[in-house]
Each structure stands twice: as structure tokens, then as C-alpha cells.
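Comments concern the structure below.
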Amino acid sequence: MKLTGAQILVKMIKAQGVDTIFGYPGGATIDIHDEIVRHNDLRHILVRHEQGAVHAADGYARAHKTTGVALVTSGPGATNTVTGIASAHADSIPMVVFCGQVPTGLIGNDAFQEVDIVGITRPCTKHNYLVKDPDKLAATIQEAFYIARSGRPGPVLVDLPKDILQTQIDFQMPEETHLRSYKPNYTPNKKQIAKVVQMVKDARRPVIFAGGGVISSCASEEITRLAQMARIPVTTSLMGLGAFPGTDPLWLGMLGMHGTFRANMSIGHCDLIIAVGVRFDDRVTGNIAKFAPHASIIQIDIDPTSIHKNIPVQCPIVGDCKTTLEHILALMEKQTPAQLTVERDPWLAQIDQWKQTTPLKYDQQADVIKPQFVVEKLWEITKGQAIITTEVGQNQMWAAQYYHFDRPNHFITSGGLGVMGFGLPAAIGAKAACPDKLVVDVAGDGSIQMNIQELMTAVENCLDVKIVILNNRFLGMVRQWQEFFYNKAYACTNIENAPDFIKLAEAYGATGFRCTDPACVEDTLRKGLDTPGTVIMDFVVEREESVYPMVPAGGALTEMLLV
Amino acid sequence: METSRYLLSILVDDEPGVLSRIAGLFSGRGFNIDSLNVATTDDPDVSRITMATTCDAQVIEQIKKQLHKLINVITVNDLTEKKYVERQLALVKVHAKPEKRAEILRIVDIFRCRVVDVGHAHYTVEISGDSGKHQAFLSLLKPMGIIEIASTGAIALAREMGK
């Protein structure tokens with residue numbers, strides 16, 4: 001069967017089970033787009049900026065537990081994807097990005113819209129390819145998906161020269177991908193499993209610390225069973241929110257720079273950390289030298305480079321989080337409950353005392369809306385059922401703190417790279433993946449302007465997302481640092497000169513509501529969530545509200561600034 | 001932490017961009033490369049990279065893991081942990097005044113080197129050996145006036161059966 005490269009590409013994408021791609025055409029991808037529209041079973045969502053395509057693919061991948069796909073043209077189309085690729089790389093999100101490229105004969109000649117995107121993205125992809133031989137196209141696409149979704153997932157980029165897309169060749173379905181140089185290890189070492197169980201039995205003040213790896217390996221059920229079986233309190237990183245029910249009594253809240261008092265104190269006083277699918281990012285550890293000074297650490301991760309990278313651990317286990325936890329649970333079930341929970345009561349009582357004395361708190365008065373209040377009301381009204389995406393900064397932290405996530409894959413945020421402008425396109429991707437779910441982007445007035453053009457994508461494709469803007473007319477997180485550490489010199493963070501978000505929504509064919517009165521927050525939320533279509537809810541909030549607690553950069557976790 | 005020299009023998013897919021991935025990994029993560037040598041092996045699809053680096057024990061562990069994480073890297077062998085033979089090749093062009101020629105040739109003889117080019121006022125000497133031998137040889141030649149040197153990085157194989 002003779003097929004063009006573009007036909008092979010579409011055939012192979014579909015063979016991977018993909019039904020939705022986010023893209024933006026250009027000279028180098030005309031052949032692909034021309035082919036895609038002939039396939040009713042492959043939906044192409046036209047974004048309004050290539051960065052939006054990649055974030056949308058990211059949101060789609062997380063909400064759907066699948067691989068996201070983006071398709072862009074050469075040159076600027078390709079460079080516009082870099083931020084989104086780097087974000088997916090930092091958060092280990094499975095994704096394949098296809099870029100058009102100038103014809104092979106022109107590569108290296110500084111041709112129009114030519115850029116060495118393979119060179120540019122080498123450090124921020126899991127792997128990348130330039131296809132120079134049409135006979136290798138099909139196998140390369142299959143390999144790209146295999147690499148993106150196996151082991152520690154990540155983004156893979158495939159660069160596709162225009163002549164490769166136009167050449168007709170005999171197509172054969174490639175054989176199953178087998179790479180001699182890439183064999184992720186999913187199964188943990190048995191001896192280490194026995195050691196884990198012994199360490200749990202020996203511990204008096206254990207803590208489970210779960211991260212994004214638990215979400216990506218679908219291990220939240222196992223984490224929950226582990227916690228309940230041995231009565232171990234659980235904290236998570238930002239990426240791990242939802243891995244353990246946010247309403248469970250063993251829940252400590254998030255860890256780190258803006259973690260809860262009791263989570264940070266627990267790490268400071270525990271004698272055992274069971275770290276699962278985490279990489280001990282600096283935002284989580286604070287000062288490494290003062291991190292968990294009394295604790296032995298068990299670290300479970302599929303990526304060996306995550307282990308011993310920042311923190312020395314006593315019991316490293318390389319393996320898939322879910323598989324490893326299953327092994328641990330199987331061995332724990334052979335122990336008596338009393339063996340697994342020695343002297344647990346005093347530890348849990350201590351944690352409860354921290355919770356009672358220093359909970360997350362804010363003071364909602366009658367005059368000005370507190371941003372935390374908006375998020376907490378959103379949680380109440382949606383009964384914690386919505387998929388929440390965020391932008392980056394204070395909005396992200398308040399969403400993390402006050403929307404008490406009970407289940408995985410419902411919190412979608414740019415955790416590692418921290419990309420402003422992530423939330424709206426990610427929400428569009430999540431909505432495309434889960435059309436029956438309510439999807440809400442918790443945004444700031446700064447971040448929302450970074451990919452605001454994607455409102456058109458949402459409206460055009462009837463991907464109804466609800467946008468909650470916590471509008472403080474500041475770049476709030478930087479302002480907070482300026483308040484705490486720079487004598488309140490608010491350099492370049494005042495963004496009072498903003499568009500009218502209601503009119504902006506209307507201009508794009510969406511609906512907008514503004515709310516300035518604390519008494520109307522609930523009504524506005526209900527009205528906004530009940531209004532069909534894409535809706536912006538613009539909450540004019542306290543200008544100089546800060547996120548608490550806060551561990552100053554480089555400080556110990558237990559040395560928090562509190563309200 | 002204490003630093004020392006490590007010698008890594010890395011087998012990689014012989015594909016465009018592989019060296020760039022490895023070099024980028026080192027520069028991006030702030031690892032140090034002392035020397036680097038790349039050539040194909042008996043398998044035309046596989047190249048061997050021999051790399052010397054100076055760092056502490058924690059960093060070498062990360063280097064090895066990060067190298068192994070690259071998709072095109074097949075094996076990473078830390079020769080420092082085992083017995084191995086190491087060689088590097090250098091061409092040394094040295095001033096050879098008539099009154100010094102005999103001495104240079106004696107040194108060349110002692111070190112089992114070879115003179116590969118002779119001019120009216122210079123010799124070019126080929127030396128092969130480990131880095132210790134190179135250093136000793138160069139220190140003896142230095143007083144004669146070394147004109148220029150071209151040297152490979154270290155190459156090495158483990159003293160054991162198998163790859």
C-alpha cells in the first residue's frame with residue numbers, strides 16, 4: 001500500500017489510540033492538516049497559539065490518563081512549543097509533539113521558518129527525533145509514543161521535514177517497539193520490600209510523602225490503603241494533590257514552601273518518611289541540610305536519577321509506584337495491625353494539636369473578598385468534584401490549599417516549571433478529555449492574560465471552561481516576596497491597568513460576571529457555573545493578601561512565616 | 001566531598017546527535033568533562049565513548065544514572081571500580097637541536113615511543129600509554145622545548161571477558 005508521509009503519520013497516530021490532537025498549521029504542516037480533516041475519528045482542535053496547543057495536550061493527558069498530542073509548524077511554531085514541552089518534562093507528562101520542518105535538502109541552510117528544534121528541545125524532552133528517512137517514519141512515531149508513556153513519562157518531539165511528509169512509500173505497520181538501550185524497570189527488589197515493612201514496624205512517627213509519580217502510576221488507591229493499614233499520616237507535593245483524600249483524618253495537607261503547618265512540622269519531627277513518586281524539589285524540602293533531621297527515608301521511584309539526587313535515602317527502591325506499593329501491601333497484610341502501628345496514638349495526637357493550634361486560615365470580613373474564600377466556596381459548591389487547573393503564583397497556591405482534592409487527576413497545574421498562562425489551555429485540554437466534567441481554571445489577573453487568546457478555542461469548540469479570576473491587580477506572588485523580603489518596594493508588579501475581563505469575555509463570545517462583594521461570592525459562583533458556555537468570573541479581591549504559611553527560600557521547613 | 005578521577009566507558013547507538021545529548025547533559029547539569037573519546041566499535045551501529053571526569057562520589061552516581069537515562073545510551077561502565085587497561089595517544093613536536101638529539105632519542109627509547117617525523121630542527125614523537133606515562137614523558141621533554149602537542153583522550157577497556 002503506497003501512502004504519503006502525512007498519511008502514514010495520521011495512520012500511526014490513530015493506531016496509538018489517539019482521538020484528539022491540538023494543533024496550529026503552517027507551511028510545513030499543510031500536508032498533515034490536509035490529511036487530518038479527512039478522518040472523522042481524529043479530532044483536531046485548532047488553538048490560537050502553539051503554546052496553547054502543548055498546554056492543552058498536557059491537560060488532556062492528565063485528565064484522561066493518556067498521551068497528549070500537539071502538532072505545529074516549523075520555525076516559530078516549533079519554538080512556541082518550548083515552554084509547554086519544558087513544563088511537561090518537569091511534570092513527567094506523557095506527550096508527543098509533532099513539528100513540521102523545512103525539506104531535508106534545506107535543513108542547515110537557514111531556510112525560511114527553519115529552526116533546529118531538535119537541538120533546542122534536547123534538554124527539555126525525554127527524547128526527540130528528526131525523521132530523515134521516510135522508511136523510518138512509522139517506526140519512529142510508534143517509538144515516540146512508547147517512550148513518552150513508558151517508564152517515567154515525558155514529552156517526545158518528532159521533527160518532520162516537508163519532503164518526508166510528501167513522499168509516497170510502501171507502508172507497512174512496524175513491528176512492536178524494542179529498544180536495546182531503553183528498558184524501564186517496573187518491578188522492585190524483593191529484599192528492599194522486606195526492609196520497608198521492617199522500617200514501618202520500627203517507626204514511631206512515620207509520614208507518607210506522595211508526589212506526581214503516584215498520580216501517573218495510578219497508585220492513589222494503594223497509597224490510601226498503606227496509610228490506613230499502618231495509620232500513617234499523608235502529605236503530598238503540589239503534583240501529588242489528590243493522591244490521598246483531602247478529607248481523610250490522616251491527611252496532613254500539602255508539604256513545602258506553602259505547605260500546611262502540620263505537614264511541615266510533621267516532616268521536621270518524623271522518624272520515617274515513605275516517599276513515593278517524588279523528587280525532593282527545593283520548594284518541598286526548604287533547606288536541605290535541615291530537612292527531616294530525625295527521619296530515615298524510604299524512596300520509591302521509577303527513575304533512578306530521582307533517588308539520592310537531593311536527599312540521601314536509607315532505603316532506595318527503583319520501581320513503578322503502584323507495583324511497588326502492591327508488593328509492600330502484600331507483605332504488610334501478613335503482619336498484625338498492632339505490629340504496624342506501634343505507639344501511633346501520641347504521634348497522631350501531636351499532629352492533631354498542630355492542626356488545631358495552627359490551621360490554614362484567613363479572615364473574611366464584610367468589605368473585601370478574600371481569595372481563599374472564593375476557592376473554598378468553589379470547593380463547597382462543586383462538592384470537590386470539579387477538575388481544577390491553575391495558573392501560577394498565589395492563585396495556584398490558594399487552589400492547592402483550599403480546594404480539598406479527594407481524587408487523583410483532578411488537579412492540573414504546572415508544578416515543576418511554573419508556567420503562567422498554563423491554566424486556560426490546560427482546562428481546554430481537560431474539558432476535551434472529560435466533556436462530562438466541570439472544569440474550572442483558578443487564575444490570577446496576571447496569568448490569565450498570558451494565554452487569553454485560547455478563550456476563542458474554548459468558545460469555538462464548545463469546550464466550556466469556567467474561569468475564576470482572583471483579581472488583585474498585582475503580580476501577587478512576586479508582590480508578596482517584595483512585601484516580605486524587599487521592604488514593600490513593589491517594583492513592576494502593579495498591574496492595575498488591566499482589560500475589563502467581562503467585556504473581554506463578551507468579545508470572545510463567552511460570558512463574564514464580576515463580583516466585588518463578599519456576600520455575593522456564592523451567588524456569582526453558582527451563576528457562573530450554571531451558565532452554559534465558557535464563563536469568566538472576575539472576583540475583585542483583597543489586593544495585598546499573602547499566601548501563608550510561607551517558608552522563606554533556603555529556610556528550614558519548620559521555620560514558617562504564619563498569619 | 002572528596003573528588004577523584006573517574007573513567008567511564010559508555011556504549012551508545014551510533015546516531016546523529018548522540019554526542020550532543022551527552023555533552024548537553026554535562027553542560028546543563030554542571031558536570032565536568034576532563035577528556036572524551038568517541039569511535040565506532042566492531043558493531044557499526046554502536047559507538048564507544050570513553051570519558052574521564054573529576055568529581056565526588058555523589059556526583060559520579062548522578063552522572064552514571066543521568067547518562068543511562070538517555071535513550072541512546074546502551075551501557076555505562078564505570079572502569080574506576082575495576083581493573084582496566086588505559087591508553088592515550090599523543091604526538092609531540094619538540095625542538096631537536098643537534099646537541100640535544102641524542103638525549104631526545106634516549107628518552108624516546110626509554111619510554112618505548114617512536115619518532116614519526118624528522119625535520120632540520122625538530123622531531124615529532126608518538127607516545128602511547130596511560131596518563132601517568134604521558135606526564136612523565138612530557139616533563140622530561142619540556143626542557144628541550146616542546147613546540148606543540150596533539151593528544152587523544154583516554155581510551156580504556158576492562159580487564160575481563162565480555163563487554
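Within each chain, counting starts at residue 1; across the C-alpha cells, chains are named A, B, ... in the order shown, with ligands numbered 1 upward in that order.
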
(request) For A:Thr235, work out the shell of residues within 12 Å, counting only C-alpha atoms and skipping chain neighbours fewer than 5 positions away, then give it as a PyMOL selection string. (result) chain A and resi 206-211+223-224+227+240-246+248-256+259-267+273-276+278+284+351

(message) Applying 12 Å and only C-alpha atoms, which residues near A:Tyr508 remain after dropping the ones on its own chain fewer than 5 positions away? List them as an MDAnalysis selection string.
(response) chainID A and resid 452:460 501:503 533:536

Quick one: write out the picked residues with N, CA and C atoms as a tab-separated table (two decimals), in the first residue's frame?
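Saved file selection_5.tsv follows:
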chain	number	residue	atom	x	y	z
A	452	ILE	N	-4.64	34.31	27.00
A	452	ILE	CA	-6.05	34.68	26.95
A	452	ILE	C	-6.67	34.38	25.59
A	453	GLN	N	-5.81	34.35	24.54
A	453	GLN	CA	-6.33	34.09	23.19
A	453	GLN	C	-7.02	32.74	23.09
A	454	GLU	N	-6.73	31.83	24.02
A	454	GLU	CA	-7.34	30.50	23.95
A	454	GLU	C	-8.82	30.51	24.33
A	455	LEU	N	-9.31	31.65	24.83
A	455	LEU	CA	-10.75	31.78	25.04
A	455	LEU	C	-11.49	31.44	23.74
A	456	MET	N	-10.89	31.86	22.63
A	456	MET	CA	-11.54	31.63	21.33
A	456	MET	C	-11.61	30.13	21.03
A	457	THR	N	-10.54	29.41	21.39
A	457	THR	CA	-10.52	27.96	21.18
A	457	THR	C	-11.64	27.29	21.98
A	458	ALA	N	-11.80	27.74	23.24
A	458	ALA	CA	-12.84	27.17	24.09
A	458	ALA	C	-14.22	27.43	23.52
A	459	VAL	N	-14.44	28.69	23.12
A	459	VAL	CA	-15.77	29.07	22.63
A	459	VAL	C	-16.06	28.35	21.31
A	460	GLU	N	-15.10	28.38	20.40
A	460	GLU	CA	-15.33	27.79	19.08
A	460	GLU	C	-15.64	26.30	19.16
A	501	PHE	N	-12.33	42.37	32.12
A	501	PHE	CA	-12.43	40.94	31.81
A	501	PHE	C	-13.85	40.53	31.37
A	502	ILE	N	-14.84	41.31	31.81
A	502	ILE	CA	-16.21	40.99	31.40
A	502	ILE	C	-16.39	41.28	29.91
A	503	LYS	N	-15.92	42.47	29.52
A	503	LYS	CA	-16.01	42.83	28.10
A	503	LYS	C	-15.15	41.90	27.25
A	533	GLY	N	-21.73	27.40	28.42
A	533	GLY	CA	-20.63	28.01	27.67
A	533	GLY	C	-19.47	28.39	28.57
A	534	THR	N	-18.50	29.01	27.94
A	534	THR	CA	-17.31	29.44	28.69
A	534	THR	C	-17.63	30.72	29.43
A	535	VAL	N	-17.21	30.76	30.70
A	535	VAL	CA	-17.56	31.88	31.58
A	535	VAL	C	-16.34	32.38	32.32
A	536	ILE	N	-16.18	33.69	32.37
A	536	ILE	CA	-15.18	34.29	33.26
A	536	ILE	C	-15.88	34.86	34.47

Please, which residues in chain A fall within 7 Å of chain B when counting only C-alpha atoms, and what is the closest atom pair and distance in Å to one decimal for each, ordered by chain then residue number, as JSON lines?
{"residue": "A:Arg122", "atom": "CA", "partner": "B:Arg21", "partner_atom": "CA", "distance": 6.8}
{"residue": "A:His127", "atom": "CA", "partner": "B:Ile71", "partner_atom": "CA", "distance": 6.7}
{"residue": "A:Arg180", "atom": "CA", "partner": "B:Ile74", "partner_atom": "CA", "distance": 6.7}
{"residue": "A:Ser181", "atom": "CA", "partner": "B:Ile74", "partner_atom": "CA", "distance": 4.1}
{"residue": "A:Tyr182", "atom": "CA", "partner": "B:Ile71", "partner_atom": "CA", "distance": 5.7}
{"residue": "A:Pro304", "atom": "CA", "partner": "B:Lys65", "partner_atom": "CA", "distance": 6.5}
{"residue": "A:Thr305", "atom": "CA", "partner": "B:Lys65", "partner_atom": "CA", "distance": 5.4}
{"residue": "A:Lys309", "atom": "CA", "partner": "B:Gln62", "partner_atom": "CA", "distance": 6.8}

Residues just named, written with C-alpha atoms as a CSV table (one decimal), in the first residue's frame:
chain,number,residue,atom,x,y,z
A,122,ARG,CA,17.1,18.2,23.5
A,127,HIS,CA,13.8,12.1,23.7
A,180,ARG,CA,18.1,-2.3,23.4
A,181,SER,CA,19.1,0.9,25.2
A,182,TYR,CA,15.8,1.7,27.0
A,304,PRO,CA,16.9,6.1,39.4
A,305,THR,CA,18.1,9.7,38.9
A,309,LYS,CA,19.8,13.4,43.8

With DSSP run on the backbone, what are the alpha helix (DSSP H) residues within stretch 197-291 of chain A? I'd like them as a compact mmCIF listing (two decimals) with C-alpha atoms, in the first residue's frame.
# COMPACT_ATOMS: atom_id res chain seq x y z
CA VAL A 197 7.96 -3.36 56.17
CA GLN A 198 10.57 -3.68 58.91
CA MET A 199 11.16 0.09 58.85
CA VAL A 200 7.42 0.71 59.17
CA LYS A 201 7.28 -1.65 62.15
CA ASP A 202 10.22 0.11 63.78
CA GLY A 212 3.19 13.19 40.99
CA GLY A 213 4.54 9.68 40.43
CA VAL A 214 1.63 8.31 42.43
CA ILE A 215 -0.80 10.09 40.12
CA SER A 216 0.94 8.98 36.93
CA SER A 220 -3.59 6.53 44.90
CA GLU A 221 -5.69 3.59 46.00
CA GLU A 222 -2.56 1.76 47.17
CA ILE A 223 -1.27 4.85 48.98
CA THR A 224 -4.59 5.18 50.76
CA ARG A 225 -4.57 1.52 51.79
CA LEU A 226 -0.99 1.78 53.03
CA ALA A 227 -1.81 4.85 55.10
CA GLN A 228 -4.92 3.34 56.63
CA MET A 229 -3.43 -0.08 57.29
CA ALA A 230 -0.48 1.30 59.27
CA PHE A 261 1.87 23.97 59.41
CA ARG A 262 1.15 20.38 60.44
CA ALA A 263 2.66 18.88 57.26
CA ASN A 264 5.87 20.86 57.60
CA MET A 265 6.10 20.21 61.35
CA SER A 266 5.46 16.50 60.76
CA ILE A 267 8.42 16.28 58.40
CA GLY A 268 10.54 18.15 60.94
CA HIS A 269 9.67 15.69 63.70
CA ASP A 282 13.65 22.66 46.57
CA ARG A 283 10.14 24.08 47.01
CA VAL A 284 9.31 20.99 49.05
CA THR A 285 12.49 20.50 51.07

(request) Calculate how many Å separate atom CA of A:Ile232 from atom CA of A:Thr247, rounding to one decimal. (result)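 Rounded to one decimal, the two atoms are 14.9 Å apart.
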
(request) Show which residues sit within 9 Å of A:Ile317, as JSON, numbers by chain. Count only C-alpha atoms, and ignore same-chain residues fewer than 6 positions away. (result) {"A": [188, 189, 192, 193, 298, 299, 300, 301, 302, 304, 307, 324]}

(request) Would you kindly return, as a VMD selection string, each protein, DNA or RNA residue with an atom no farther than 9 Å from any atom of stretch 372-380 of chain A, considering only C-alpha atoms and excluding same-chain residues fewer than 5 positions away? (result) chain A and resid 361 to 364 385 to 386 395 398 to 399 401 to 405 442 468 470 518 521 to 522 525 to 526 539

Any chance you can output those residues with N, CA and C atoms as a PDB file, in the first residue's frame?
ATOM      1  N   LYS A 361      -5.683  29.414  57.607  1.00  0.00           N
ATOM      2  CA  LYS A 361      -6.762  30.329  57.958  1.00  0.00           C
ATOM      3  C   LYS A 361      -6.692  31.660  57.228  1.00  0.00           C
ATOM      4  N   TYR A 362      -7.840  32.285  57.148  1.00  0.00           N
ATOM      5  CA  TYR A 362      -7.951  33.638  56.612  1.00  0.00           C
ATOM      6  C   TYR A 362      -9.143  34.257  57.296  1.00  0.00           C
ATOM      7  N   ASP A 363      -9.243  35.561  57.206  1.00  0.00           N
ATOM      8  CA  ASP A 363     -10.293  36.253  57.947  1.00  0.00           C
ATOM      9  C   ASP A 363     -11.178  36.991  56.945  1.00  0.00           C
ATOM     10  N   GLN A 364     -12.312  36.405  56.614  1.00  0.00           N
ATOM     11  CA  GLN A 364     -13.216  37.028  55.641  1.00  0.00           C
ATOM     12  C   GLN A 364     -14.102  38.050  56.333  1.00  0.00           C
ATOM     13  N   GLN A 385     -15.919  18.081  43.163  1.00  0.00           N
ATOM     14  CA  GLN A 385     -15.992  17.174  42.007  1.00  0.00           C
ATOM     15  C   GLN A 385     -15.324  17.726  40.749  1.00  0.00           C
ATOM     16  N   ALA A 386     -15.006  19.015  40.752  1.00  0.00           N
ATOM     17  CA  ALA A 386     -14.511  19.632  39.511  1.00  0.00           C
ATOM     18  C   ALA A 386     -13.051  19.270  39.249  1.00  0.00           C
ATOM     19  N   ASN A 395      -2.659  32.305  42.995  1.00  0.00           N
ATOM     20  CA  ASN A 395      -3.878  31.574  42.629  1.00  0.00           C
ATOM     21  C   ASN A 395      -3.662  30.073  42.732  1.00  0.00           C
ATOM     22  N   TRP A 398      -3.416  29.002  46.491  1.00  0.00           N
ATOM     23  CA  TRP A 398      -4.712  29.010  47.173  1.00  0.00           C
ATOM     24  C   TRP A 398      -5.597  27.869  46.677  1.00  0.00           C
ATOM     25  N   ALA A 399      -5.510  27.594  45.379  1.00  0.00           N
ATOM     26  CA  ALA A 399      -6.269  26.448  44.857  1.00  0.00           C
ATOM     27  C   ALA A 399      -5.774  25.160  45.519  1.00  0.00           C
ATOM     28  N   GLN A 401      -4.357  24.839  48.425  1.00  0.00           N
ATOM     29  CA  GLN A 401      -4.635  24.795  49.868  1.00  0.00           C
ATOM     30  C   GLN A 401      -6.119  24.632  50.193  1.00  0.00           C
ATOM     31  N   TYR A 402      -6.983  25.245  49.391  1.00  0.00           N
ATOM     32  CA  TYR A 402      -8.386  25.346  49.811  1.00  0.00           C
ATOM     33  C   TYR A 402      -9.368  24.534  48.970  1.00  0.00           C
ATOM     34  N   TYR A 403      -8.893  23.920  47.888  1.00  0.00           N
ATOM     35  CA  TYR A 403      -9.788  23.017  47.168  1.00  0.00           C
ATOM     36  C   TYR A 403      -9.340  21.619  47.583  1.00  0.00           C
ATOM     37  N   HIS A 404     -10.074  21.016  48.494  1.00  0.00           N
ATOM     38  CA  HIS A 404      -9.563  19.817  49.175  1.00  0.00           C
ATOM     39  C   HIS A 404      -9.732  18.588  48.286  1.00  0.00           C
ATOM     40  N   PHE A 405      -8.713  18.334  47.467  1.00  0.00           N
ATOM     41  CA  PHE A 405      -8.802  17.297  46.432  1.00  0.00           C
ATOM     42  C   PHE A 405      -8.944  15.906  47.044  1.00  0.00           C
ATOM     43  N   VAL A 442      -8.595  28.120  37.968  1.00  0.00           N
ATOM     44  CA  VAL A 442      -8.407  29.129  39.011  1.00  0.00           C
ATOM     45  C   VAL A 442      -7.218  29.983  38.581  1.00  0.00           C
ATOM     46  N   VAL A 468     -12.155  31.283  37.027  1.00  0.00           N
ATOM     47  CA  VAL A 468     -12.306  32.072  38.249  1.00  0.00           C
ATOM     48  C   VAL A 468     -11.054  32.929  38.387  1.00  0.00           C
ATOM     49  N   LEU A 470      -8.917  35.441  40.420  1.00  0.00           N
ATOM     50  CA  LEU A 470      -8.706  36.071  41.726  1.00  0.00           C
ATOM     51  C   LEU A 470      -7.941  37.359  41.425  1.00  0.00           C
ATOM     52  N   PRO A 518     -18.163  40.379  49.201  1.00  0.00           N
ATOM     53  CA  PRO A 518     -18.061  39.034  49.786  1.00  0.00           C
ATOM     54  C   PRO A 518     -19.422  38.329  49.883  1.00  0.00           C
ATOM     55  N   VAL A 521     -20.258  36.338  46.621  1.00  0.00           N
ATOM     56  CA  VAL A 521     -19.317  35.362  46.049  1.00  0.00           C
ATOM     57  C   VAL A 521     -20.035  34.079  45.658  1.00  0.00           C
ATOM     58  N   GLU A 522     -20.841  33.593  46.602  1.00  0.00           N
ATOM     59  CA  GLU A 522     -21.503  32.311  46.355  1.00  0.00           C
ATOM     60  C   GLU A 522     -22.458  32.413  45.153  1.00  0.00           C
ATOM     61  N   LEU A 525     -20.559  32.548  41.898  1.00  0.00           N
ATOM     62  CA  LEU A 525     -20.032  31.231  41.523  1.00  0.00           C
ATOM     63  C   LEU A 525     -21.142  30.354  40.950  1.00  0.00           C
ATOM     64  N   ARG A 526     -22.277  30.342  41.657  1.00  0.00           N
ATOM     65  CA  ARG A 526     -23.387  29.494  41.179  1.00  0.00           C
ATOM     66  C   ARG A 526     -23.849  29.927  39.793  1.00  0.00           C
ATOM     67  N   PHE A 539     -13.375  37.941  40.249  1.00  0.00           N
ATOM     68  CA  PHE A 539     -13.529  38.292  41.660  1.00  0.00           C
ATOM     69  C   PHE A 539     -12.483  39.347  42.036  1.00  0.00           C
TER      70      PHE A 539
END

Dump as CSV the rows for residues of stretch 17-51 of chain B within 10 Å of stretch 76-97 of chain B: closest atom pair and distance in Å with one decimal, only C-alpha atoms counted, ordered by chain and rising residue number.
residue,atom,partner,partner_atom,distance
B:Asn37,CA,B:Gln88,CA,9.6
B:Arg48,CA,B:Val76,CA,10.0
B:Ile49,CA,B:Val76,CA,9.5
B:Thr50,CA,B:Asn77,CA,9.5
B:Met51,CA,B:Asp78,CA,9.8

(message) Env of B:His134: 10 Å cut, atoms = only C-alpha atoms, seq-sep filter 2 positions within chain, self excluded. Answer as a list in words.
(response)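 Within the cut-off, the hits are Arg87, Gln88, Leu89, Ala90, Phe111, Ile127, Ser128, Gly129, Asp130, Ser131, Gly132, Ala136, Phe137, Leu138, Ser139 and Ser151 of chain B.
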
(request) Might you pull out every residue within 8 Å of A:Ala86, with only C-alpha atoms counted and same-chain residues fewer than 3 positions away left off, and present them as a count of residues only? (result) 7

(message) Between atom CA of A:Gln480 and atom CA of A:Tyr548, what is the distance in Å, rounded to a tenth?
(response)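 If I compute the distance from atom CA of A:Gln480 to atom CA of A:Tyr548, I get 10.3 Å.
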
(message) Just want the 9 Å neighbourhood of B:Ser47, counted on only C-alpha atoms, with same-chain residues fewer than 5 positions away dropped. Output as an MDAnalysis selection string.
(response) chainID B and resid 10:15 38:42
